[in-house]
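Undergrad: Just one file: input37.json, with JSON, C-alpha atoms.
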```json
[["chain", "number", "residue", "atom", "x", "y", "z"],
["A", 29, "MET", "CA", 0.00, 0.00, 0.00],
["A", 30, "ALA", "CA", 2.83, 2.40, 0.87],
["A", 31, "ARG", "CA", 4.44, 1.97, -2.56],
["A", 32, "ILE", "CA", 1.19, 2.79, -4.33],
["A", 33, "MET", "CA", 0.47, 5.93, -2.35],
["A", 34, "GLY", "CA", 3.99, 7.23, -2.90],
["A", 35, "ASP", "CA", 5.28, 6.61, 0.64],
["A", 36, "ASP", "CA", 8.43, 4.67, -0.22],
["A", 37, "LEU", "CA", 9.45, 4.64, 3.43],
["A", 38, "GLY", "CA", 6.54, 2.35, 4.24],
["A", 39, "HIS", "CA", 5.06, 4.46, 7.05],
["A", 40, "SER", "CA", 1.42, 4.11, 6.07],
["A", 41, "GLN", "CA", -0.68, 1.35, 7.57],
["A", 42, "SER", "CA", -3.00, -0.66, 5.36],
["A", 43, "GLY", "CA", -6.06, -2.69, 6.18],
["A", 44, "PRO", "CA", -8.91, -4.49, 4.41],
["A", 45, "LEU", "CA", -10.87, -1.27, 3.89],
["A", 46, "GLN", "CA", -7.93, 0.43, 2.19],
["A", 47, "HIS", "CA", -7.33, -2.57, -0.08],
["A", 48, "ARG", "CA", -10.86, -2.19, -1.46],
["A", 49, "ASN", "CA", -9.84, 1.20, -2.83],
["A", 50, "LEU", "CA", -6.99, -0.18, -4.95],
["A", 51, "LYS", "CA", -7.72, 0.00, -8.64],
["A", 52, "ILE", "CA", -5.79, -2.08, -11.18],
["A", 53, "GLN", "CA", -5.68, -0.48, -14.61],
["A", 54, "ASN", "CA", -7.80, -2.51, -17.06],
["A", 55, "ASN", "CA", -7.78, -5.42, -14.55],
["A", 56, "LEU", "CA", -4.50, -6.62, -16.08],
["A", 57, "LEU", "CA", -1.58, -8.39, -14.41],
["A", 58, "TYR", "CA", 1.56, -8.73, -16.50],
["A", 59, "SER", "CA", 3.52, -11.94, -16.03],
["A", 60, "HIS", "CA", 7.28, -12.23, -16.47],
["A", 61, "LYS", "CA", 9.52, -15.24, -16.98],
["A", 62, "VAL", "CA", 12.72, -14.01, -15.32],
["A", 63, "LEU", "CA", 13.71, -11.87, -12.33],
["A", 64, "ARG", "CA", 17.29, -10.65, -11.95],
["A", 65, "VAL", "CA", 18.64, -9.58, -8.57],
["A", 66, "ASN", "CA", 21.94, -7.74, -8.16],
["A", 67, "TYR", "CA", 24.02, -8.35, -5.04],
["A", 68, "THR", "CA", 27.54, -7.87, -3.68],
["A", 69, "THR", "CA", 29.68, -10.97, -3.14],
["A", 70, "TYR", "CA", 31.76, -11.66, -0.03],
["A", 71, "ASP", "CA", 34.85, -10.23, -1.79],
["A", 72, "MET", "CA", 33.03, -6.97, -2.69],
["A", 73, "ARG", "CA", 32.35, -7.79, -6.33],
["A", 74, "ARG", "CA", 29.09, -7.30, -8.16],
["A", 75, "ALA", "CA", 27.09, -10.36, -9.13],
["A", 76, "GLN", "CA", 23.59, -11.21, -10.30],
["A", 77, "ASP", "CA", 21.12, -14.01, -9.58],
["A", 78, "SER", "CA", 18.55, -14.94, -12.18],
["A", 79, "PHE", "CA", 15.25, -16.42, -11.00],
["A", 80, "ASN", "CA", 12.88, -18.45, -13.13],
["A", 81, "PRO", "CA", 9.71, -19.83, -11.49],
["A", 82, "ARG", "CA", 10.05, -23.08, -13.42],
["A", 83, "ASN", "CA", 13.50, -24.25, -12.38],
["A", 84, "HIS", "CA", 15.52, -21.71, -10.33],
["A", 85, "CYS", "CA", 13.07, -20.23, -7.87],
["A", 86, "ASP", "CA", 14.19, -20.48, -4.23],
["A", 87, "PHE", "CA", 15.31, -17.28, -2.49],
["A", 88, "MET", "CA", 16.13, -15.72, 0.86],
["A", 89, "ALA", "CA", 15.06, -12.36, 2.28],
["A", 90, "LEU", "CA", 15.54, -10.56, 5.57],
["A", 91, "ALA", "CA", 13.09, -11.64, 8.27],
["A", 92, "PRO", "CA", 10.61, -9.00, 9.42],
["A", 93, "SER", "CA", 11.96, -6.95, 12.31],
["A", 94, "SER", "CA", 8.91, -7.74, 14.43],
["A", 95, "ASN", "CA", 9.63, -11.50, 14.27],
["A", 96, "GLU", "CA", 6.11, -12.19, 13.02],
["A", 97, "GLY", "CA", 7.31, -14.03, 9.93],
["A", 98, "PRO", "CA", 7.79, -17.74, 9.38],
["A", 99, "ALA", "CA", 11.35, -17.66, 10.79],
["A", 100, "LEU", "CA", 10.69, -16.45, 14.38],
["A", 101, "GLY", "CA", 14.15, -15.46, 15.51],
["A", 102, "HIS", "CA", 16.15, -16.53, 12.46],
["A", 103, "PRO", "CA", 17.57, -13.56, 10.51],
["A", 104, "PHE", "CA", 16.23, -14.75, 7.14],
["A", 105, "VAL", "CA", 13.05, -16.08, 5.60],
["A", 106, "TYR", "CA", 13.03, -18.46, 2.66],
["A", 107, "GLY", "CA", 10.56, -18.89, -0.14],
["A", 108, "ARG", "CA", 9.86, -20.27, -3.58],
["A", 109, "ILE", "CA", 8.81, -17.93, -6.38],
["A", 110, "LEU", "CA", 5.60, -19.12, -8.04],
["A", 111, "GLY", "CA", 5.11, -16.10, -10.29],
["A", 112, "ILE", "CA", 6.69, -12.78, -11.27],
["A", 113, "PHE", "CA", 4.23, -9.98, -12.01],
["A", 114, "HIS", "CA", 3.65, -6.29, -12.38],
["A", 115, "ALA", "CA", 0.49, -4.22, -12.58],
["A", 116, "TYR", "CA", -0.46, -0.58, -12.91],
["A", 117, "VAL", "CA", -2.24, 0.33, -9.69],
["A", 118, "ARG", "CA", -3.69, 3.46, -8.13],
["A", 119, "TYR", "CA", -5.40, 4.28, -4.87],
["A", 120, "ALA", "CA", -8.88, 5.74, -5.27],
["A", 121, "GLU", "CA", -10.26, 6.80, -1.89],
["A", 122, "ALA", "CA", -14.00, 6.28, -1.66],
["A", 123, "GLY", "CA", -15.94, 9.55, -1.61],
["A", 124, "SER", "CA", -12.85, 11.64, -2.31],
["A", 125, "ARG", "CA", -12.05, 13.64, -5.39],
["A", 126, "THR", "CA", -8.33, 13.01, -4.93],
["A", 127, "GLN", "CA", -7.16, 10.45, -7.47],
["A", 128, "HIS", "CA", -3.64, 9.13, -7.38],
["A", 129, "GLU", "CA", -1.87, 8.36, -10.64],
["A", 130, "TYR", "CA", -1.37, 4.79, -11.78],
["A", 131, "ARG", "CA", 2.01, 3.44, -10.71],
["A", 132, "GLN", "CA", 3.77, 0.30, -11.83],
["A", 133, "VAL", "CA", 3.99, -2.13, -8.93],
["A", 134, "ASP", "CA", 6.24, -5.17, -9.25],
["A", 135, "PHE", "CA", 5.54, -8.16, -7.03],
["A", 136, "LEU", "CA", 6.29, -11.84, -6.57],
["A", 137, "TRP", "CA", 3.81, -14.55, -5.68],
["A", 138, "VAL", "CA", 5.63, -16.89, -3.29],
["A", 139, "ARG", "CA", 5.18, -20.04, -1.24],
["A", 140, "TRP", "CA", 7.00, -19.79, 2.08],
["A", 141, "PHE", "CA", 9.35, -22.25, 3.72],
["A", 142, "ARG", "CA", 9.82, -22.55, 7.47],
["A", 143, "LEU", "CA", 12.76, -23.91, 9.43],
["A", 144, "ASP", "CA", 12.40, -27.51, 10.57],
["A", 145, "SER", "CA", 12.25, -27.10, 14.35],
["A", 146, "THR", "CA", 12.93, -30.80, 14.96],
["A", 147, "PHE", "CA", 16.39, -30.58, 13.39],
["A", 148, "ASP", "CA", 19.39, -29.23, 15.34],
["A", 149, "ALA", "CA", 21.22, -26.86, 13.00],
["A", 150, "GLY", "CA", 23.33, -23.73, 12.98],
["A", 151, "TRP", "CA", 26.87, -22.69, 13.82],
["A", 152, "ASP", "CA", 27.04, -24.55, 17.12],
["A", 153, "SER", "CA", 25.86, -27.86, 15.69],
["A", 154, "ARG", "CA", 27.85, -27.33, 12.45],
["A", 155, "ARG", "CA", 24.92, -28.41, 10.27],
["A", 156, "HIS", "CA", 22.84, -26.63, 7.65],
["A", 157, "TYR", "CA", 19.27, -25.72, 8.41],
["A", 158, "HIS", "CA", 16.47, -27.91, 7.10],
["A", 159, "LEU", "CA", 13.55, -26.19, 5.42],
["A", 160, "GLN", "CA", 10.02, -27.39, 4.90],
["A", 161, "PHE", "CA", 7.01, -25.88, 3.20],
["A", 162, "ILE", "CA", 4.40, -24.31, 5.42],
["A", 163, "PRO", "CA", 1.21, -26.41, 5.09],
["A", 164, "SER", "CA", -1.21, -24.81, 2.63],
["A", 165, "SER", "CA", -3.99, -24.85, 5.24],
["A", 166, "MET", "CA", -2.06, -22.42, 7.47],
["A", 167, "PRO", "CA", -2.39, -18.67, 6.98],
["A", 168, "GLY", "CA", 0.74, -17.18, 5.49],
["A", 169, "ALA", "CA", 1.73, -20.26, 3.45],
["A", 170, "PHE", "CA", 1.47, -18.15, 0.29],
["A", 171, "GLY", "CA", 2.04, -14.45, -0.13],
["A", 172, "PHE", "CA", 3.21, -11.51, -2.20],
["A", 173, "ILE", "CA", 6.46, -9.60, -1.74],
["A", 174, "ASP", "CA", 8.35, -6.79, -3.39],
["A", 175, "PRO", "CA", 11.15, -8.13, -5.65],
["A", 176, "SER", "CA", 13.56, -5.63, -4.08],
["A", 177, "ASP", "CA", 13.23, -7.56, -0.78],
["A", 178, "VAL", "CA", 14.90, -10.64, -2.31],
["A", 179, "LEU", "CA", 18.55, -10.87, -1.19],
["A", 180, "ARG", "CA", 19.94, -13.91, -2.96],
["A", 181, "SER", "CA", 19.00, -17.20, -4.49],
["A", 182, "VAL", "CA", 19.12, -20.33, -2.37],
["A", 183, "HIS", "CA", 20.12, -23.77, -3.55],
["A", 184, "ALA", "CA", 17.66, -25.92, -1.59],
["A", 185, "ILE", "CA", 18.49, -29.60, -1.99],
["A", 186, "PRO", "CA", 15.51, -31.95, -1.54],
["A", 187, "ALA", "CA", 15.97, -34.61, 1.16],
["A", 188, "PHE", "CA", 14.62, -37.61, -0.70],
["A", 189, "THR", "CA", 15.48, -39.93, 2.21],
["A", 190, "TYR", "CA", 12.49, -38.55, 4.16],
["A", 191, "GLY", "CA", 10.06, -39.67, 1.45],
["A", 192, "ARG", "CA", 7.19, -37.80, -0.18],
["A", 193, "THR", "CA", 4.08, -36.26, 1.30],
["A", 194, "SER", "CA", 0.82, -34.82, 0.06],
["A", 195, "LYS", "CA", -0.13, -33.38, 3.47],
["A", 196, "LEU", "CA", 1.34, -29.92, 2.83],
["A", 197, "LEU", "CA", -0.50, -29.27, -0.44],
["A", 198, "PRO", "CA", -3.46, -31.61, -0.93]]
```
Would you put the structure from the file into structure tokens?

TA:
Amino acid sequence: MARIMGDDLGHSQSGPLQHRNLKIQNNLLYSHKVLRVNYTTYDMRRAQDSFNPRNHCDFMALAPSSNEGPALGHPFVYGRILGIFHAYVRYAEAGSRTQHEYRQVDFLWVRWFRLDSTFDAGWDSRRHYHLQFIPSSMPGAFGFIDPSDVLRSVHAIPAFTYGRTSKLLP
């Protein structure tokens, strides 16, 4: 909401009533095949990750500062990109003559991972963290984020030894 109203600092609060006043130009969402993210490597060089929802789609982002995200105490959150989109959106306040201009808003549709709490991992245990999808029945399993929030790609290796399940996405 803050990006649409021109508050790039993200100070404005949004709720269900404000979301009703969002207008998408011509009801069109534009889909993209690739997202490129620039980052700085450990040796201070520039590099770029390329994301494709079909085969290179796992990423990491900073956890919310309020610790309300899926990580709860871990500095990062992890997700899988399901779609890359943009739309032209404006905020039209009900009963007001003030009309904001349409602005291009880029966003990613994602499915979130959570850390496996049953697995001892981290620096002290000298083992990598295990990730698992959040069950689709839980709120927050899917979401939308700003592409600029993506830090880097993640190479998540499936643990085939644990078998398959259909419980997380029936």

Undergrad: When you count only C-alpha atoms, which of these residues is closest to Arg139 (chain A): A:Pro81, A:Phe188, A:Val117, A:Lys195?

TA: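 Nearest candidate to Arg139 (chain A) out of A:Pro81, A:Phe188, A:Val117, A:Lys195: A:Pro81.
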
Undergrad: Calculated over only C-alpha atoms, which of the candidates A:Trp151, A:Phe135, A:Phe79, A:Phe104 has the smallest distance to Leu57 (chain A)?

TA: A:Phe135

Undergrad: Can you tell me, as a list of chain:residue names, what residues are no more than 7 Å from Phe172 (chain A) when counting all atoms listed in the file, ignoring any on the same chain fewer than 4 positions away?

TA: A:Phe135, A:Leu136, A:Trp137, A:Val138

Undergrad: Could those selected residues go to a file with C-alpha atoms, as a tab-separated table (two decimals), in the frame of the given file?

TA:
```
chain	number	residue	atom	x	y	z
A	135	PHE	CA	5.54	-8.16	-7.03
A	136	LEU	CA	6.29	-11.84	-6.57
A	137	TRP	CA	3.81	-14.55	-5.68
A	138	VAL	CA	5.63	-16.89	-3.29
```

Undergrad: Compile a residue-level contact table for region 164-188 of chain A against region 72-75 of chain A at a cut-off of 12 Å, reporting for every qualifying residue the shortest atom pair and its distance in Å to one decimal, with all atoms listed in the file counted, rows ordered by chain and ascending number, as JSON lines.

TA:
```
{"residue": "A:Leu179", "atom": "CA", "partner": "A:Ala75", "partner_atom": "CA", "distance": 11.7}
{"residue": "A:Arg180", "atom": "CA", "partner": "A:Ala75", "partner_atom": "CA", "distance": 10.1}
{"residue": "A:Ser181", "atom": "CA", "partner": "A:Ala75", "partner_atom": "CA", "distance": 11.6}
```

Undergrad: Go ahead and write the selection's residues with C-alpha atoms as a PDB file, keeping the file's coordinate frame.

TA:
```pdb
ATOM      1  CA  LEU A 179      18.550 -10.870  -1.190  1.00  0.00           C
ATOM      2  CA  ARG A 180      19.940 -13.910  -2.960  1.00  0.00           C
ATOM      3  CA  SER A 181      19.000 -17.200  -4.490  1.00  0.00           C
TER       4      SER A 181
END
```

Undergrad: I'd like the interatomic distance between CA of Asp77 (chain A) and CA of Ser176 (chain A), to a tenth of an Å.

TA: 12.6 Å

Undergrad: Within 12 Å of His156 (chain A), counting all atoms listed in the file, which residues qualify if same-chain residues fewer than 2 places away don't, as a PyMOL selection string?

TA: chain A and resi 143-144+147-154+158-159+183-185

Undergrad: Could the residues in this selection be saved with C-alpha atoms as a short mmCIF file (atom, residue, chain, number, x, y, z; two decimals), keeping the file's coordinate frame?

TA:
```cif
data_model
loop_
_atom_site.label_atom_id
_atom_site.label_comp_id
_atom_site.auth_asym_id
_atom_site.auth_seq_id
_atom_site.Cartn_x
_atom_site.Cartn_y
_atom_site.Cartn_z
CA LEU A 143 12.76 -23.91 9.43
CA ASP A 144 12.40 -27.51 10.57
CA PHE A 147 16.39 -30.58 13.39
CA ASP A 148 19.39 -29.23 15.34
CA ALA A 149 21.22 -26.86 13.00
CA GLY A 150 23.33 -23.73 12.98
CA TRP A 151 26.87 -22.69 13.82
CA ASP A 152 27.04 -24.55 17.12
CA SER A 153 25.86 -27.86 15.69
CA ARG A 154 27.85 -27.33 12.45
CA HIS A 158 16.47 -27.91 7.10
CA LEU A 159 13.55 -26.19 5.42
CA HIS A 183 20.12 -23.77 -3.55
CA ALA A 184 17.66 -25.92 -1.59
CA ILE A 185 18.49 -29.60 -1.99
#
```

Undergrad: Can you measure CA of Ser164 (chain A) to CA of His84 (chain A) for me? One decimal in Å is fine.

TA: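 Atom-to-atom, CA of Ser164 (chain A) to CA of His84 (chain A), that is 21.4 Å.
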
Undergrad: Find the residues near Tyr58 (chain A): any atom within 9 Å, counting all atoms listed in the file, skip ones fewer than 4 places away on the same chain, and give them as a PyMOL selection string.

TA: chain A and resi 112-115

Undergrad: Let me see the file: selected residues, C-alpha atoms, as a PDB file, in the frame of the given file.

TA:
```pdb
ATOM      1  CA  ILE A 112       6.690 -12.780 -11.270  1.00  0.00           C
ATOM      2  CA  PHE A 113       4.230  -9.980 -12.010  1.00  0.00           C
ATOM      3  CA  HIS A 114       3.650  -6.290 -12.380  1.00  0.00           C
ATOM      4  CA  ALA A 115       0.490  -4.220 -12.580  1.00  0.00           C
TER       5      ALA A 115
END
```

Undergrad: Just the residues within 8 Å of Ala120 (chain A), please, counting only C-alpha atoms, with nothing from its chain fewer than 5 positions along; format it as a list in words.

TA: Asn49, Leu50, Lys51, Thr126, Gln127 and His128 of chain A
